[in-house]
Structure formats: C-alpha cells, structure tokens
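Here is structure-v1.txt, consisting of compact mmCIF, C-alpha atoms:
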# COMPACT_ATOMS: atom_id res chain seq x y z
CA MET E 1 60.94 86.37 108.52
CA GLU E 2 57.25 85.58 108.19
CA HIS E 3 56.37 89.14 109.26
CA LEU E 4 58.50 90.80 106.57
CA PRO E 5 56.49 92.74 103.97
CA VAL E 6 56.68 91.26 100.45
CA GLU E 7 58.26 94.51 99.24
CA VAL E 8 61.21 93.99 101.63
CA ILE E 9 61.56 90.36 100.54
CA GLY E 10 61.60 91.58 96.93
CA ASN E 11 64.51 93.89 97.78
CA ILE E 12 66.35 91.02 99.48
CA LEU E 13 65.94 88.77 96.45
CA SER E 14 67.08 91.58 94.15
CA ARG E 15 70.34 91.86 96.08
CA LEU E 16 71.14 88.17 95.55
CA GLY E 17 72.08 89.00 91.99
CA GLY E 18 72.34 85.61 90.29
CA ALA E 19 69.08 84.26 88.82
CA ARG E 20 69.81 80.74 90.13
CA ASP E 21 69.96 81.98 93.74
CA VAL E 22 66.80 84.04 93.23
CA VAL E 23 64.86 81.04 91.92
CA ILE E 24 66.04 78.81 94.78
CA ALA E 25 65.23 81.44 97.42
CA SER E 26 61.82 82.18 95.92
CA ALA E 27 60.86 78.51 96.32
CA THR E 28 60.96 78.92 100.10
CA CYS E 29 57.22 79.60 100.40
CA ARG E 30 54.25 81.22 98.72
CA LYS E 31 55.08 84.64 100.15
CA TRP E 32 58.59 84.57 98.70
CA ARG E 33 57.23 83.43 95.33
CA GLU E 34 54.85 86.39 95.39
CA ALA E 35 57.75 88.72 96.24
CA CYS E 36 59.74 87.32 93.33
CA ARG E 37 56.83 87.73 90.94
CA LYS E 38 55.67 91.22 91.95
CA HIS E 39 58.59 92.97 93.69
CA LEU E 40 61.83 91.61 92.19
CA HIS E 41 63.60 94.51 90.47
CA THR E 42 67.02 93.03 89.53
CA LEU E 43 67.88 89.78 87.76
CA GLU E 44 71.25 88.54 86.48
CA PHE E 45 72.18 85.66 84.19
CA ASN E 46 75.96 85.27 83.95
CA SER E 47 77.66 82.24 82.40
CA GLY E 48 80.77 83.00 84.44
CA ASP E 49 78.95 82.67 87.78
CA TRP E 50 77.56 79.16 87.26
CA PRO E 51 79.22 76.49 85.08
CA PHE E 52 75.80 74.86 84.61
CA TYR E 53 75.00 77.51 81.99
CA ARG E 54 77.76 76.12 79.78
CA ASP E 55 76.79 72.49 80.25
CA ILE E 56 73.31 72.63 78.73
CA THR E 57 72.18 73.37 75.20
CA PRO E 58 71.33 76.95 74.18
CA ARG E 59 67.72 75.89 73.54
CA ARG E 60 67.34 74.55 77.08
CA LEU E 61 69.01 77.64 78.49
CA GLU E 62 66.62 79.85 76.50
CA ILE E 63 63.68 78.07 78.12
CA LEU E 64 65.07 78.51 81.64
CA ILE E 65 65.76 82.22 81.13
CA THR E 66 62.35 82.76 79.51
CA GLN E 67 60.53 81.06 82.37
CA THR E 68 62.42 83.10 84.96
CA ILE E 69 61.97 86.48 83.27
CA PHE E 70 58.30 85.94 82.48
CA GLN E 71 57.53 85.14 86.12
CA THR E 72 58.51 88.70 87.07
CA THR E 73 56.76 92.03 86.64
CA GLY E 74 58.45 95.42 86.74
CA LEU E 75 62.13 94.45 86.36
CA GLN E 76 64.36 97.52 86.55
CA GLY E 77 67.73 95.83 86.15
CA LEU E 78 68.46 92.95 83.75
CA SER E 79 71.87 91.45 83.07
CA ILE E 80 72.35 88.69 80.49
CA LEU E 81 76.05 87.96 80.04
CA MET E 82 76.68 84.77 78.08
CA ASP E 83 80.38 84.78 77.20
CA ASP E 84 80.87 81.08 76.53
CA VAL E 85 77.44 80.14 75.23
CA ASP E 86 76.54 79.42 71.60
CA GLU E 87 74.06 81.51 69.66
CA PHE E 88 70.53 82.04 70.94
CA SER E 89 67.43 82.40 68.81
CA ALA E 90 66.88 86.07 67.97
CA SER E 91 63.12 85.80 68.41
CA THR E 92 63.48 84.46 71.95
CA VAL E 93 65.88 87.22 73.04
CA ILE E 94 63.65 89.86 71.45
CA ALA E 95 60.77 88.49 73.53
CA TRP E 96 62.83 88.98 76.74
CA LEU E 97 63.64 92.57 75.85
CA MET E 98 60.13 93.45 74.67
CA TYR E 99 58.64 92.02 77.88
CA THR E 100 60.91 94.08 80.16
CA ARG E 101 61.80 97.22 78.21
CA GLU E 102 59.07 99.53 79.54
CA THR E 103 60.30 99.22 83.14
CA LEU E 104 64.04 98.62 82.57
CA ARG E 105 66.47 101.19 83.94
CA ARG E 106 69.67 99.11 83.64
CA LEU E 107 70.56 96.60 80.92
CA SER E 108 73.80 94.59 80.57
CA TYR E 109 73.72 92.59 77.36
CA ASN E 110 76.26 90.13 75.95
CA VAL E 111 74.32 87.58 73.91
CA ARG E 112 75.13 86.12 70.53
CA THR E 113 72.04 85.68 68.38
CA SER E 114 71.24 84.55 64.89
CA PRO E 115 70.46 86.88 63.25
CA ASN E 116 71.95 89.84 65.12
CA ILE E 117 69.52 91.95 67.17
CA ASN E 118 69.27 95.72 66.93
CA ILE E 119 69.31 96.63 70.61
CA LEU E 120 68.95 100.35 69.86
CA GLU E 121 65.72 99.80 67.97
CA ILE E 122 64.19 97.65 70.72
CA CYS E 123 65.30 99.68 73.75
CA GLY E 124 65.22 103.17 72.30
CA ARG E 125 62.62 105.73 73.42
CA GLN E 126 62.29 103.99 76.78
CA LYS E 127 63.42 104.85 80.34
CA LEU E 128 66.80 103.09 80.19
CA GLU E 129 69.44 104.89 82.29
CA LYS E 130 72.39 102.48 82.02
CA LEU E 131 73.34 100.32 79.02
CA LEU E 132 76.26 97.91 78.73
CA LEU E 133 76.77 96.16 75.38
CA ALA E 134 79.47 93.56 74.74
CA HIS E 135 80.47 91.49 71.71
CA ASN E 136 77.76 92.95 69.50
CA SER E 137 77.54 95.15 66.45
CA ILE E 138 75.80 98.49 65.95
CA ALA E 139 74.94 99.84 62.51
CA GLY E 140 72.66 102.44 60.98
CA VAL E 141 72.09 104.64 64.05
CA GLU E 142 69.18 107.03 63.60
CA PRO E 143 69.28 109.61 66.43
CA ASN E 144 65.75 110.85 65.81
CA PHE E 145 64.22 107.38 66.01
CA GLN E 146 66.62 105.37 68.22
CA ARG E 147 66.74 107.95 70.98
CA PHE E 148 67.65 107.32 74.62
CA PRO E 149 66.15 110.28 76.50
CA CYS E 150 67.11 109.02 79.99
CA LEU E 151 70.42 107.23 79.34
CA LYS E 152 73.23 108.43 81.64
CA SER E 153 75.78 105.61 81.34
CA LEU E 154 76.89 103.80 78.17
CA SER E 155 79.51 101.05 77.96
CA LEU E 156 80.57 99.42 74.69
CA SER E 157 82.96 96.47 74.99
CA HIS E 158 84.24 94.62 71.90
CA VAL E 159 81.48 96.22 69.87
CA SER E 160 81.70 96.72 66.13
CA ILE E 161 80.58 100.22 65.18
CA SER E 162 81.54 102.84 62.61
CA ALA E 163 82.97 106.20 63.65
CA LEU E 164 79.87 107.92 62.27
CA ASP E 165 77.45 105.64 64.14
CA LEU E 166 79.39 106.16 67.38
CA SER E 167 79.10 109.91 66.97
CA LEU E 168 75.38 109.64 66.15
CA LEU E 169 74.82 107.37 69.14
CA LEU E 170 76.13 110.04 71.50
CA THR E 171 73.82 112.54 69.82
CA ALA E 172 70.92 110.18 70.58
CA CYS E 173 71.75 110.33 74.32
CA PRO E 174 71.04 113.94 75.42
CA LYS E 175 71.65 113.17 79.13
CA LEU E 176 74.74 110.95 78.82
CA GLU E 177 77.23 111.42 81.67
CA SER E 178 79.50 108.35 81.50
CA LEU E 179 81.01 106.63 78.44
CA GLU E 180 83.23 103.52 78.31
CA LEU E 181 84.83 102.25 75.11
CA VAL E 182 86.72 98.97 75.52
CA ASN E 183 88.44 97.48 72.49
CA PRO E 184 85.85 98.69 69.98
CA GLU E 185 86.12 97.65 66.35
CA ILE E 186 85.87 100.97 64.56
CA ALA E 187 84.78 100.56 60.94
CA MET E 188 86.02 103.30 58.63
CA SER E 189 85.20 104.30 55.08
CA ASP E 190 88.65 105.73 54.31
CA ALA E 191 92.27 105.00 55.12
CA GLN E 192 92.53 107.43 58.03
CA VAL E 193 90.84 106.28 61.22
CA THR E 194 89.33 109.33 62.87
CA VAL E 195 86.74 109.49 65.64
CA GLU E 196 85.05 112.79 66.50
CA LEU E 197 82.67 112.78 69.46
CA SER E 198 80.66 115.57 71.01
CA SER E 199 78.50 115.62 74.13
CA PRO E 200 77.61 118.69 76.22
CA THR E 201 76.58 116.54 79.23
CA LEU E 202 79.41 113.96 79.30
CA LYS E 203 81.30 113.97 82.62
CA SER E 204 83.43 110.81 82.44
CA ILE E 205 85.08 108.87 79.62
CA TYR E 206 87.17 105.69 79.79
CA VAL E 207 88.88 104.42 76.64
CA GLU E 208 90.79 101.12 76.54
CA THR E 209 92.60 99.20 73.79
CA ILE E 210 91.88 101.40 70.83
CA SER E 211 94.06 102.26 67.84
CA LEU E 212 93.24 105.41 65.87
CA ASP E 213 94.87 108.13 63.86
CA LYS E 214 92.80 110.87 65.47
CA PHE E 215 90.49 110.94 68.49
CA MET E 216 88.78 114.27 69.06
CA LEU E 217 86.37 114.81 71.95
CA GLU E 218 84.32 117.92 72.58
CA ALA E 219 82.78 117.80 76.04
CA ASP E 220 81.97 121.00 77.92
CA SER E 221 81.19 119.21 81.21
CA ILE E 222 83.97 116.58 81.25
CA GLU E 223 85.45 115.84 84.69
CA ARG E 224 87.19 112.47 84.26
CA LEU E 225 89.39 111.29 81.38
CA HIS E 226 91.12 107.88 81.46
CA LEU E 227 93.05 106.42 78.52
CA ARG E 228 94.50 102.92 78.82
CA ASP E 229 96.45 100.73 76.41
CA CYS E 230 95.79 102.96 73.41
CA ALA E 231 97.75 103.81 70.27
CA LEU E 232 96.88 107.25 68.92
CA GLU E 233 98.56 109.73 66.65
CA LEU E 234 96.46 112.58 68.01
CA PHE E 235 94.17 112.96 71.00
CA GLU E 236 92.46 116.29 71.46
CA LEU E 237 90.03 117.28 74.20
CA ILE E 238 87.98 120.44 73.79
CA GLY E 239 86.27 121.53 76.98
CA LYS E 240 85.57 124.45 79.29
CA GLY E 241 87.95 123.88 82.19
CA THR E 242 85.88 121.29 84.08
CA LEU E 243 88.41 118.42 83.93
CA LYS E 244 89.36 117.19 87.42
CA TYR E 245 90.80 113.70 86.84
CA PHE E 246 93.30 112.85 84.08
CA LYS E 247 94.86 109.39 83.82
CA ILE E 248 96.86 107.75 81.04
CA ASP E 249 98.29 104.25 81.33
CA ASP E 250 100.36 102.46 78.69
CA VAL E 251 99.38 104.88 75.95
CA SER E 252 101.28 105.71 72.79
CA VAL E 253 100.31 109.14 71.47
CA ILE E 254 102.27 111.51 69.27
CA HIS E 255 100.23 114.62 69.94
CA LEU E 256 98.31 114.97 73.20
CA ASP E 257 96.23 118.08 73.75
CA ILE E 258 93.79 118.60 76.61
CA GLY E 259 93.62 122.28 75.70
CA GLU E 260 92.18 124.84 78.09
CA THR E 261 90.64 122.24 80.37
CA VAL E 262 93.33 122.02 83.07
CA ASP E 263 92.60 124.87 85.48
CA ASN E 264 90.54 122.65 87.80
CA LEU E 265 92.64 119.49 87.57
CA GLU E 266 92.91 117.73 90.92
CA ILE E 267 94.45 114.37 89.94
CA VAL E 268 97.06 113.60 87.26
CA ASP E 269 98.09 109.94 86.97
CA VAL E 270 100.60 108.99 84.26
CA SER E 271 102.16 105.53 83.95
CA ASN E 272 103.96 103.49 81.29
CA PHE E 273 104.13 106.55 79.08
CA THR E 274 106.77 108.41 77.11
CA ILE E 275 106.53 112.15 77.59
CA ILE E 276 108.30 115.31 76.54
CA TRP E 277 108.44 116.86 79.98
CA PRO E 278 108.54 120.57 78.97
CA LYS E 279 105.39 120.15 76.83
CA PHE E 280 103.64 117.99 79.41
CA TYR E 281 104.54 120.37 82.23
CA GLN E 282 103.33 123.33 80.17
CA MET E 283 100.03 121.49 79.68
CA ILE E 284 99.36 120.95 83.41
CA SER E 285 101.30 123.88 84.93
CA ARG E 286 98.14 125.96 85.43
CA SER E 287 96.62 123.23 87.61
CA SER E 288 97.10 125.05 90.91
CA LYS E 289 94.39 122.89 92.53
CA LEU E 290 96.29 119.65 91.86
CA SER E 291 96.10 117.38 94.93
CA LYS E 292 97.56 114.13 93.51
CA LEU E 293 100.40 113.68 91.02
CA ARG E 294 101.55 110.23 89.94
CA LEU E 295 104.41 109.71 87.47
CA TRP E 296 105.13 105.98 87.33
CA ASP E 297 107.36 104.12 84.87
CA VAL E 298 107.53 107.26 82.78
CA ALA E 299 110.11 107.47 80.01
CA PHE E 300 111.38 110.78 78.72
CA ASP E 301 111.69 111.59 75.05
CA ASP E 302 114.96 113.37 75.80
CA GLU E 303 117.22 111.35 78.09
CA ASP E 304 118.67 114.56 79.56
CA GLU E 305 115.28 115.79 80.76
CA VAL E 306 114.81 116.03 84.52
CA VAL E 307 111.64 116.66 86.56
CA ASP E 308 112.80 118.80 89.45
CA LEU E 309 110.95 118.83 92.75
CA GLU E 310 111.32 122.60 92.96
CA THR E 311 108.98 123.01 90.00
CA ILE E 312 106.46 120.57 91.48
CA ALA E 313 106.54 122.30 94.89
CA VAL E 314 106.09 125.80 93.47
CA CYS E 315 103.43 125.07 90.83
CA PHE E 316 101.26 122.66 92.83
CA PRO E 317 100.97 124.13 96.34
CA GLN E 318 97.90 122.03 97.24
CA LEU E 319 99.57 118.72 96.38
CA ASN E 320 98.96 116.18 99.16
CA HIS E 321 99.67 112.86 97.38
CA LEU E 322 102.86 112.36 95.35
CA SER E 323 103.87 109.13 93.59
CA LEU E 324 107.20 108.76 91.79
CA SER E 325 109.05 105.74 90.46
CA TYR E 326 112.83 105.87 90.59
CA GLU E 327 114.99 105.45 87.54
CA LEU E 328 118.66 106.22 87.02
CA ARG E 329 120.05 106.34 83.49
CA ASP E 330 123.69 107.02 82.76
CA GLY E 331 124.05 108.59 86.18
CA VAL E 332 121.15 111.01 85.64
CA MET E 333 118.09 110.78 87.87
CA HIS E 334 114.76 111.63 86.27
CA TYR E 335 113.53 113.40 89.39
CA GLY E 336 116.07 116.02 90.41
CA LEU E 337 116.45 117.19 93.99
CA GLN E 338 117.51 120.74 93.15
CA GLY E 339 115.98 123.71 94.95
CA SER E 340 114.92 124.30 98.53
CA SER E 341 111.11 124.57 98.41
CA ASN E 342 109.30 122.00 100.52
CA LEU E 343 106.23 120.02 99.61
CA GLU E 344 104.38 121.37 102.62
CA ASN E 345 101.01 119.69 102.08
CA VAL E 346 102.14 116.26 100.94
CA LYS E 347 100.70 113.72 103.38
CA VAL E 348 101.16 110.53 101.31
CA LEU E 349 104.35 109.66 99.42
CA GLU E 350 104.59 106.63 97.13
CA LEU E 351 108.04 105.70 95.84
CA GLY E 352 109.10 102.74 93.76
CA TRP E 353 111.81 101.14 91.70
CA THR E 354 112.09 98.58 88.94
CA VAL E 355 115.87 98.17 89.27
CA ILE E 356 117.26 99.09 92.67
CA ASN E 357 120.73 100.51 93.31
CA ASP E 358 122.59 102.17 96.17
CA HIS E 359 121.33 105.65 95.20
CA PHE E 360 117.69 104.80 95.93
CA SER E 361 118.09 105.14 99.72
CA HIS E 362 119.61 108.59 99.32
CA TRP E 363 116.76 109.62 97.02
CA VAL E 364 114.16 108.45 99.58
CA GLU E 365 115.93 110.35 102.35
CA GLU E 366 116.03 113.60 100.38
CA LEU E 367 112.34 113.31 99.53
CA LEU E 368 111.48 112.78 103.19
CA LYS E 369 113.31 115.98 104.05
CA ARG E 370 111.23 117.88 101.51
CA CYS E 371 107.91 116.62 102.96
CA PRO E 372 107.82 117.99 106.55
CA ASN E 373 104.16 117.09 107.15
CA LEU E 374 104.25 113.59 105.73
CA LYS E 375 101.95 111.02 107.39
CA LYS E 376 102.47 107.91 105.27
CA MET E 377 105.10 106.53 102.90
CA ILE E 378 104.64 103.47 100.69
CA ILE E 379 107.63 101.88 98.94
CA PHE E 380 107.00 99.67 95.92
CA GLY E 381 109.69 97.37 94.59
CA VAL E 382 110.35 94.61 92.12
CA VAL E 383 112.35 91.68 93.46
CA SER E 384 113.49 89.12 90.91
CA GLU E 385 113.35 85.43 91.76
CA ALA E 386 116.94 84.81 90.65
CA LYS E 387 119.10 87.30 92.53
CA SER E 388 122.84 87.64 92.32
CA HIS E 389 124.91 88.15 95.45
CA GLU E 390 125.32 91.82 94.50
CA GLU E 391 121.54 92.30 94.20
CA CYS E 392 120.98 90.65 97.57
CA GLN E 393 123.57 92.94 99.12
CA ILE E 394 121.98 96.06 97.62
CA LEU E 395 118.56 95.02 98.96
CA ALA E 396 120.07 94.31 102.39
CA ASN E 397 121.81 97.70 102.43
CA PHE E 398 118.57 99.40 101.43
CA THR E 399 116.66 97.66 104.21
CA SER E 400 119.26 98.72 106.78
CA SER E 401 119.23 102.29 105.47
CA ILE E 402 115.45 102.55 105.67
CA VAL E 403 115.39 101.16 109.22
CA GLN E 404 117.94 103.76 110.31
CA LEU E 405 116.22 106.52 108.36
CA MET E 406 112.77 105.89 109.79
CA ARG E 407 114.10 106.24 113.34
CA LYS E 408 114.31 109.94 112.48
CA TYR E 409 110.73 109.95 111.20
CA MET E 410 108.86 107.97 113.83
CA TYR E 411 105.64 109.84 113.07
CA VAL E 412 105.55 108.53 109.46
CA GLU E 413 103.71 105.26 108.76
CA VAL E 414 105.72 103.09 106.39
CA GLU E 415 104.51 100.27 104.13
CA PHE E 416 106.39 98.04 101.70
CA GLU E 417 104.84 96.34 98.68
CA TYR E 418 107.09 94.03 96.66
CA GLU E 419 106.33 92.01 93.57
Output the file's structure in the form of structure tokens.
Amino acid sequence: MEHLPVEVIGNILSRLGGARDVVIASATCRKWREACRKHLHTLEFNSGDWPFYRDITPRRLEILITQTIFQTTGLQGLSILMDDVDEFSASTVIAWLMYTRETLRRLSYNVRTSPNINILEICGRQKLEKLLLAHNSIAGVEPNFQRFPCLKSLSLSHVSISALDLSLLLTACPKLESLELVNPEIAMSDAQVTVELSSPTLKSIYVETISLDKFMLEADSIERLHLRDCALELFELIGKGTLKYFKIDDVSVIHLDIGETVDNLEIVDVSNFTIIWPKFYQMISRSSKLSKLRLWDVAFDDEDEVVDLETIAVCFPQLNHLSLSYELRDGVMHYGLQGSSNLENVKVLELGWTVINDHFSHWVEELLKRCPNLKKMIIFGVVSEAKSHEECQILANFTSSIVQLMRKYMYVEVEFEYE
C-alpha cells in the first residue's frame, strides 16, 4: 500500500462513500491524509447511514461537516442528505456550497435551513451535471440568470415549486437528459392544475405520486417514460417517434395520449391500471419493434373486452418477453386463446395469478403451445396464509398439472415466485 500513488488512494477513498469512513481511513498516515485533502473527489453525509448524525446537535454536526469539507480541494461529488436532522444555519450551508461549487459535478441536497436557501442562485452558471433536491422549495426561477449549462440529470423529490417555475427550470437546462419528479408540491394560481413542460434534449422522465388535471410534455428526444402512482385527467406526450420504453404503474388517467411517438417502442409495461383495450391497442399497434410486453393486474373498462393472443402475435413479431397476469371474471378470460399464430420469438414468459382456479393450468398449457421457442417460464402467485381445503386442493392440482406439463417441455427452465 505504501507504494500506491496518492491519486489512486484518493480514488479509493472516494469509493468509500460515507464521510465517516473517509475520515477514519484518511487518519491512517500522512500519505492518506494528503490523498484525502488533494485527491478526494466524492463525499457523502447521510443521516440514514450513521445514527450518530441524529444523536448530536445541529450546531455540532455543522462543525463536523464544515471541517470535513474544508479539508478537501476539488470535490466533484457532494451528497448531504439529512432527513431526520433539525434545521441548519443558512450561512453555514451556503459556505459549504460556495466552497465547492466551482468544481462540483454532482450534488445531492436534502437540508433544512433557516432561512431557506436558493440552490439555483448559488449553483447556477457552474459545471454541475447532476442535481438532486429533496424537501426544499424553489421559487422565482430566472432562466437567464440561474442557468445550468452542463446539467444532464435533475431530480426533484418532495419539492415545492409552481408549474411556471418548473417549466422555466427546464428552460434553464439546455442539455437536460433525465428528469425525475417525485411527489412534488405544485403551486397553482388558478383552480385547474396544469403542468406544461418542454425540452428538446430530454431522453428520460420519471414521475411519481403526482395529482394534476393536465400534464403536457413536449420532448423531441424522449426515449423513456415512466409514470407511477399518479392521478391525472390528461397526460399528453408530444414527440418525434423516439420513445422506446413506456411504463405505467398504478396510474389513474382519463385521457392518455402518447401521440405519434410509438413507432420505435421496444418495451411496454402496464400494471395496476384500468384501460380501454381498443384505444390502448390502437395507441401501441404501430410498435412493430416491440420486444417486451407486460400487462399485469390490468382491469378493463368494459368487462367484455378480451386481449387475444392472435393480435399480439401478428402485430408484435419481434416480441421476445411476454408477461401476463391471469384473471377470470364471470367465466370470461381477459387474455383469449383464439387464433393459430404462434409467438415465434418469445423466449421468456411470465405468468401470474392473484386468485387461482382450475382454469389456470389450462391457460398456461395453451400459452406454452403458442411459444415454440420458449427458453424460460416464470410463474408468479399469491398464496394466502389462511387457506380453505378447496384452495389447498386447487393449488395441489395446479402443482401436479405443472409437473406433468413440464415433462413435455424439458428444454424450458421453470421458476416459481410466490408471495
């Protein structure tokens, strides 16, 4: 170890992550202290990693963080996540940011201060490439002054911001590629809550726990769209056919429109969602490049609607990963087995149930017949703790049926995942 260059030691210390471990390791010898001072490029303070942070006063914690930060030069990554810590002095936190801002590339910031700090004003016009803000507020965005010329990734979690300021913030990030919005508090000036965002460079957006009347996104380069736990009256995506990944999970939306952006879709993942199948199918039917389709715990607006495998096989010839959850209502199965077309390229098949019955084994068998080149099958199931004799018998019959069935398909790897 004594022959290691100080630059290499600096990289080792940077990979430790937690500031406490860095400080302890740097006390090893003079060479390691020099590496920490001159070549450390990443430093993390996280109240969740070390209970000690919560056991001392904020003033004492401020001193420890100040001493650690000011012993470094050239930090590129700084993470200060203080979830369970009382308010810090604004002047002290400003000093941390002013000391490091010229070299920072990555900043994760969750600090409560009195008064509140304008992060955009302090860190704007610098070389920041990744910014994560949590439990803070943003107001009065001025794109011409608070500009982030190098920012590629922006994450806002539990941040209070108006719809206008959010739109202006994206305008202030001309190279933004990734955006995360987690449970934002959107302040509005009128009764209707509408968010309109536009970014020509945005490639990925993740939205979680948001309730709006209208969410409109114009993104010519968008490739990934993920909505989770959202309540929306209207969601509209305006793009130029670059979308490759589309996922919605536990979303309530009256009008969903991803427009003319579906030609290059490769993955569609829908779960815990109520859909009108004809409209949804019409929306994705041009996705001839689709390689993965997942429809899990999907409810249909019309109980008589059926998703037939013939349509899936014909419209998505490149499909190699298919995931379906089984549901039988009033004797009608949501995924019909009509037609004769095979799913020739499907290599992975995921099937599941929430309430099992004797028809499930037959459904699995028919799907296996339609996937002649299958390599792997995963069966997901829900097993209740309190089972009646009838439920136990159904599960036993299913197990016996699968054992017999798989003797015909020895080349298929089978996994079971129960909860």
Please report as a tab-separated table every residue of region 87-204 of chain E lying within 10 Å of region 49-60 of chain E, along with the nearest atom pair and their distance in Å (one decimal), using only C-alpha atoms.
residue	atom	partner	partner_atom	distance
E:Glu87	CA	E:Pro58	CA	7.0
E:Phe88	CA	E:Pro58	CA	6.1
E:Ser89	CA	E:Arg59	CA	8.1
E:Thr92	CA	E:Arg59	CA	9.7
Write the residues you've just listed into a file as a PDB file, in the coordinates of the input, and include C-alpha atoms for each of them.
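Saved result, out_27.pdb, follows:
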ATOM      1  CA  GLU E  87      74.060  81.510  69.660  1.00  0.00           C
ATOM      2  CA  PHE E  88      70.530  82.040  70.940  1.00  0.00           C
ATOM      3  CA  SER E  89      67.430  82.400  68.810  1.00  0.00           C
ATOM      4  CA  THR E  92      63.480  84.460  71.950  1.00  0.00           C
TER       5      THR E  92
END
Quiz prompt | Residue neighbourhood region 248-253 of chain E, 9 Å, all atoms listed in the file, exclusion window fewer than 2 positions, as a ChimeraX atom specification | solution = /E:225-235,246,255-256,268-274
List as a compact mmCIF listing (two decimals) with C-alpha atoms, in the coordinates of the input the residues having at least one atom at most 7 Å from position (85.0, 100.4, 76.2) as given in the file, counting all atoms listed in the file.
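Final output, saved to result_33.txt:
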# COMPACT_ATOMS: atom_id res chain seq x y z
CA SER E 155 79.51 101.05 77.96
CA LEU E 156 80.57 99.42 74.69
CA SER E 157 82.96 96.47 74.99
CA GLU E 180 83.23 103.52 78.31
CA LEU E 181 84.83 102.25 75.11
CA VAL E 182 86.72 98.97 75.52
CA ASN E 183 88.44 97.48 72.49
CA PRO E 184 85.85 98.69 69.98
CA TYR E 206 87.17 105.69 79.79
CA VAL E 207 88.88 104.42 76.64
CA GLU E 208 90.79 101.12 76.54
Quiz item: Which neighbours of region 263-267 of chain E fall inside 8 Å, counting only C-alpha atoms, when residues of the same chain fewer than 6 positions from it are skipped, and could you give them as a ChimeraX atom specification?
Solution: /E:241-247,286-293
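Using only C-alpha atoms, the contacts of region 370-373 of chain E at a cut-off of 9 Å, with sequence neighbours closer than 3 positions omitted, comprise Leu309, Ser340, Ser341, Asn342, Leu343, Glu344, Asn345, Val346, Lys347, Leu349, Glu365, Glu366, Leu367 and Val412 of chain E.
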Only C-alpha atoms, please: the residues just picked out, written as a PDB file, in the coordinates of the input.
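Printed below is selection19.pdb as written:
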ATOM      1  CA  LEU E 309     110.950 118.830  92.750  1.00  0.00           C
ATOM      2  CA  SER E 340     114.920 124.300  98.530  1.00  0.00           C
ATOM      3  CA  SER E 341     111.110 124.570  98.410  1.00  0.00           C
ATOM      4  CA  ASN E 342     109.300 122.000 100.520  1.00  0.00           C
ATOM      5  CA  LEU E 343     106.230 120.020  99.610  1.00  0.00           C
ATOM      6  CA  GLU E 344     104.380 121.370 102.620  1.00  0.00           C
ATOM      7  CA  ASN E 345     101.010 119.690 102.080  1.00  0.00           C
ATOM      8  CA  VAL E 346     102.140 116.260 100.940  1.00  0.00           C
ATOM      9  CA  LYS E 347     100.700 113.720 103.380  1.00  0.00           C
ATOM     10  CA  LEU E 349     104.350 109.660  99.420  1.00  0.00           C
ATOM     11  CA  GLU E 365     115.930 110.350 102.350  1.00  0.00           C
ATOM     12  CA  GLU E 366     116.030 113.600 100.380  1.00  0.00           C
ATOM     13  CA  LEU E 367     112.340 113.310  99.530  1.00  0.00           C
ATOM     14  CA  VAL E 412     105.550 108.530 109.460  1.00  0.00           C
TER      15      VAL E 412
END
Practice problem: Would you list the contacts of Glu62 (chain E) as a list in words, taking every protein, DNA or RNA residue within 12 Å and counting all atoms listed in the file, but skipping same-chain residues closer than 6 positions in sequence? | Solution: Phe45, Tyr53, Ile56, Thr68, Ile69, Phe70, Ile80, Met82, Val85, Asp86, Glu87, Phe88, Ser89, Ala90, Ser91, Thr92, Val93, Ile94, Ala95, Trp96, Val111 and Thr113 of chain E
Self-check item: Spatial neighbours of Trp353 (chain E), max dist 8 Å, only C-alpha atoms, sep filter under 6 positions, as a count of residues only
Solution: 6
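Distance annotation: of E:Leu168, E:Leu374, E:Val6, E:Leu324, the residue with the minimal separation from Arg147 (chain E) is E:Leu168; atom set is only C-alpha atoms.
Picture a line from CA of Ala172 (chain E) to CA of Asn136 (chain E); it runs 18.6 Å.
Reported to one decimal place, the separation of CA of Ser26 (chain E) from CA of Asn46 (chain E) is 18.8 Å.
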Quiz item: Expressed in Å to a single decimal, how great is the separation between CA of Ala134 (chain E) and CA of Glu185 (chain E)?
Solution: 11.5 Å
